[in-house]
Amino acid sequence: MEVSYHTRVKHKLLGDYLSIWETAIKGKIPLLQFVDLFAGDGICKLESSLSITWDGSAILGARIVGGVPGWKCILNSWDPNDRTICDRLKHTLGETKPNIQILSEDANLLVGKILSSAFINPNYPSIFFLDPTAHSQLPWSTIEKIGNHRGKINRNDTRLSRRPELIVTLMTVGMQRNPQDLPGISRALGVTEEWLETWIEFWKELPENQGEPINKSFLDLFTLKLERLYGHKPLTMSVHNRMKSIVYWIVFASSHKRGVEIYGRLIPCVEKYHEVEWWKEVGELKILEMKEKMRQKGQQFLDERFSR
Ligand SMILES: C[S@@+](CC[C@H](N)C(=O)[O-])C[C@H]1O[C@@H](n2cnc3c(N)ncnc32)[C@H](O)[C@@H]1O
């Protein structure tokens, strides 16, 4: 997939989060389940004249979670206009392991099947990564189904208090740019159009929201609904582009205190990367892109001549 450089931030967060799980519980818990419902083809290629690539969510999941025998990894991606997406993912993964399953179905239909078929054991931890390209691809009803797949925290527990961990990219930039798409936005947020209009009016009046972009109202509504479902306030992190405008929010929900703690400690580290290292990398990329342009025009560079 062709992507912008801010996508690196999402993959840093996901890769670090899965690695923490792997380090902390490998050998202690027999089953961890990673479900990537909007997996893409696994490889991120920077939108640039440079040939820079890195691992996408599917490869991170397959390498980290799928690398532990007994743990389970479900990678799904579907695009009616691109039937080769899963073939490309399979090709990138190479030899597939029995604990890694690759599927190609509409995520919003597939979710009911994988939850009802006991494919995902609710009594063991699972991480659902929901990363659509646009808000219209992920209705709230899908999130609700996942959040309601409850199991026991441990064998002696009588309550069904475990819910899957959720990492969702809330595509607020698309919502902001398509204000006429009230039906799509309200479906993504799980409210009626009338309700959404009332919410926006109410939200705009609150003093703490003065000067905030309207898409922050969508995030607030989304997190409010997730809090009701999970019983904990979700954690959020914004991802901005080179123009410093927010492209999307990564929202995390967990019913498990430990999950919230781990993720809560990780967010400031990734935010620091986004604020410092990421900008340095962006600067280096700009120089490389400039050099590449000049090279294409026949320019030679002194350092490269001497290194040959
Ligand atoms: C943002 S990209 C995924 C990026 C990937 N998660 C990563 O981080 O490397 C979203 C992908 O989901 C696919 N997709 C869109 N709608 C879908 C649906 N309803 N069900 C499954 N996949 C869908 C798109 O074709 C696209 O490949």
# chains A, B, ... in the order shown; residues from 1 in each chain; ligands from 1

$ closest_atom_pairs --of "range 148-241 of chain A" --to "range 248-251 of chain A" --cutoff "8 Å" --atoms "only C-alpha atoms" --output "tab-separated table"
residue	atom	partner	partner_atom	distance
A:Leu166	CA	A:Val251	CA	7.8
A:Ile167	CA	A:Val251	CA	5.7
A:Val168	CA	A:Val251	CA	5.1
A:Thr169	CA	A:Ile250	CA	4.5
A:Leu170	CA	A:Trp249	CA	5.2
A:Met171	CA	A:Tyr248	CA	4.7
A:Thr172	CA	A:Tyr248	CA	5.3
A:Val173	CA	A:Tyr248	CA	6.2
A:Leu219	CA	A:Trp249	CA	7.7
A:Thr223	CA	A:Val251	CA	7.8
A:Pro234	CA	A:Val251	CA	6.6
A:Leu235	CA	A:Val251	CA	5.8
A:Thr236	CA	A:Val251	CA	4.5
A:Met237	CA	A:Ile250	CA	5.3
A:Ser238	CA	A:Trp249	CA	4.4
A:Val239	CA	A:Tyr248	CA	5.6
A:His240	CA	A:Tyr248	CA	7.3

$ residues_near_ligand --ligand "ligand 1" --cutoff "10 Å" --atoms "only C-alpha atoms and all ligand atoms" --output "number ranges by chain"
A: 1-3, 7-8, 10-11, 14, 36-45, 54-61, 75-83, 85-86, 103-111, 129-139, 169, 171

$ closest_residue --among "A:Ile74, A:Asn154, A:Leu93, A:Gly66" --to "Ile29 in chain A" --atoms "only C-alpha atoms"
A:Asn154

$ atom_distance --atom1 "CA of Cys269 in chain A" --atom2 "CA of Leu13 in chain A"
9.0 Å

$ select_by_dssp --residues "range 45-232 of chain A" --states "helix (DSSP H, G or I)" --output "ChimeraX atom specification"
/A:57-64,85-93,107-116,135-137,140-147,172-177,182-189,193-205,207-209,215-230

$ select_by_dssp --residues "range 173-261 of chain A" --states "strand (DSSP E or B)" --output "ChimeraX atom specification"
/A:235-240,246-253

$ write_last_selection --atoms "C-alpha atoms" --output "PDB file, in the first residue's frame"
ATOM      1  CA  LEU A 235      -7.057   6.227  25.823  1.00  0.00           C
ATOM      2  CA  THR A 236      -6.430   8.317  22.721  1.00  0.00           C
ATOM      3  CA  MET A 237      -3.513   9.584  20.703  1.00  0.00           C
ATOM      4  CA  SER A 238      -3.657  11.938  17.739  1.00  0.00           C
ATOM      5  CA  VAL A 239      -1.621  11.377  14.588  1.00  0.00           C
ATOM      6  CA  HIS A 240      -0.742  14.480  12.610  1.00  0.00           C
ATOM      7  CA  ILE A 246      -4.587  15.800  12.781  1.00  0.00           C
ATOM      8  CA  VAL A 247      -5.324  12.996  10.323  1.00  0.00           C
ATOM      9  CA  TYR A 248      -6.799  10.496  12.750  1.00  0.00           C
ATOM     10  CA  TRP A 249      -6.998   9.446  16.350  1.00  0.00           C
ATOM     11  CA  ILE A 250      -5.871   6.069  17.596  1.00  0.00           C
ATOM     12  CA  VAL A 251      -8.331   4.999  20.259  1.00  0.00           C
ATOM     13  CA  PHE A 252      -7.635   2.193  22.692  1.00  0.00           C
ATOM     14  CA  ALA A 253     -10.154   0.396  24.888  1.00  0.00           C
TER      15      ALA A 253
END

$ residues_around --residues "Trp203 in chain A" --least-positions-apart "6" --cutoff "10 Å" --atoms "only C-alpha atoms" --output "count of residues only"
9

$ closest_residue --among "A:Ile52, A:Arg159, A:Gly112, A:Ile102" --to "Lys90 in chain A" --atoms "only C-alpha atoms"
A:Ile102

$ closest_residue --among "A:Thr84, A:Ser255, A:Ser141, A:Ser48" --to "Ser126 in chain A" --atoms "only C-alpha atoms"
A:Ser255

$ atom_distance --atom1 "CA of Ile25 in chain A" --atom2 "CA of Gly151 in chain A"
18.5 Å

$ residues_around --residues "range 299-305 of chain A" --least-positions-apart "5" --cutoff "12 Å" --atoms "only C-alpha atoms" --output "tab-separated table (two decimals) with N, CA and C atoms, in the first residue's frame"
chain	number	residue	atom	x	y	z
A	288	LEU	N	16.70	13.67	1.25
A	288	LEU	CA	16.86	12.53	0.33
A	288	LEU	C	16.02	12.72	-0.93
A	290	MET	N	15.06	15.56	-2.24
A	290	MET	CA	15.68	16.63	-3.03
A	290	MET	C	16.85	16.09	-3.81
A	291	LYS	N	17.69	15.30	-3.11
A	291	LYS	CA	18.88	14.72	-3.77
A	291	LYS	C	18.46	13.82	-4.92
A	292	GLU	N	17.40	13.03	-4.69
A	292	GLU	CA	16.93	12.10	-5.71
A	292	GLU	C	16.47	12.85	-6.95
A	293	LYS	N	15.77	13.97	-6.73
A	293	LYS	CA	15.31	14.81	-7.85
A	293	LYS	C	16.49	15.31	-8.65
A	294	MET	N	17.54	15.80	-7.90
A	294	MET	CA	18.72	16.36	-8.57
A	294	MET	C	19.50	15.26	-9.29

$ residues_around --residues "Pro179 in chain A" --least-positions-apart "3" --cutoff "12 Å" --atoms "only C-alpha atoms" --output "VMD selection string"
chain A and resid 172 to 176 182 to 186 193 196 to 197 200 214 to 215 218
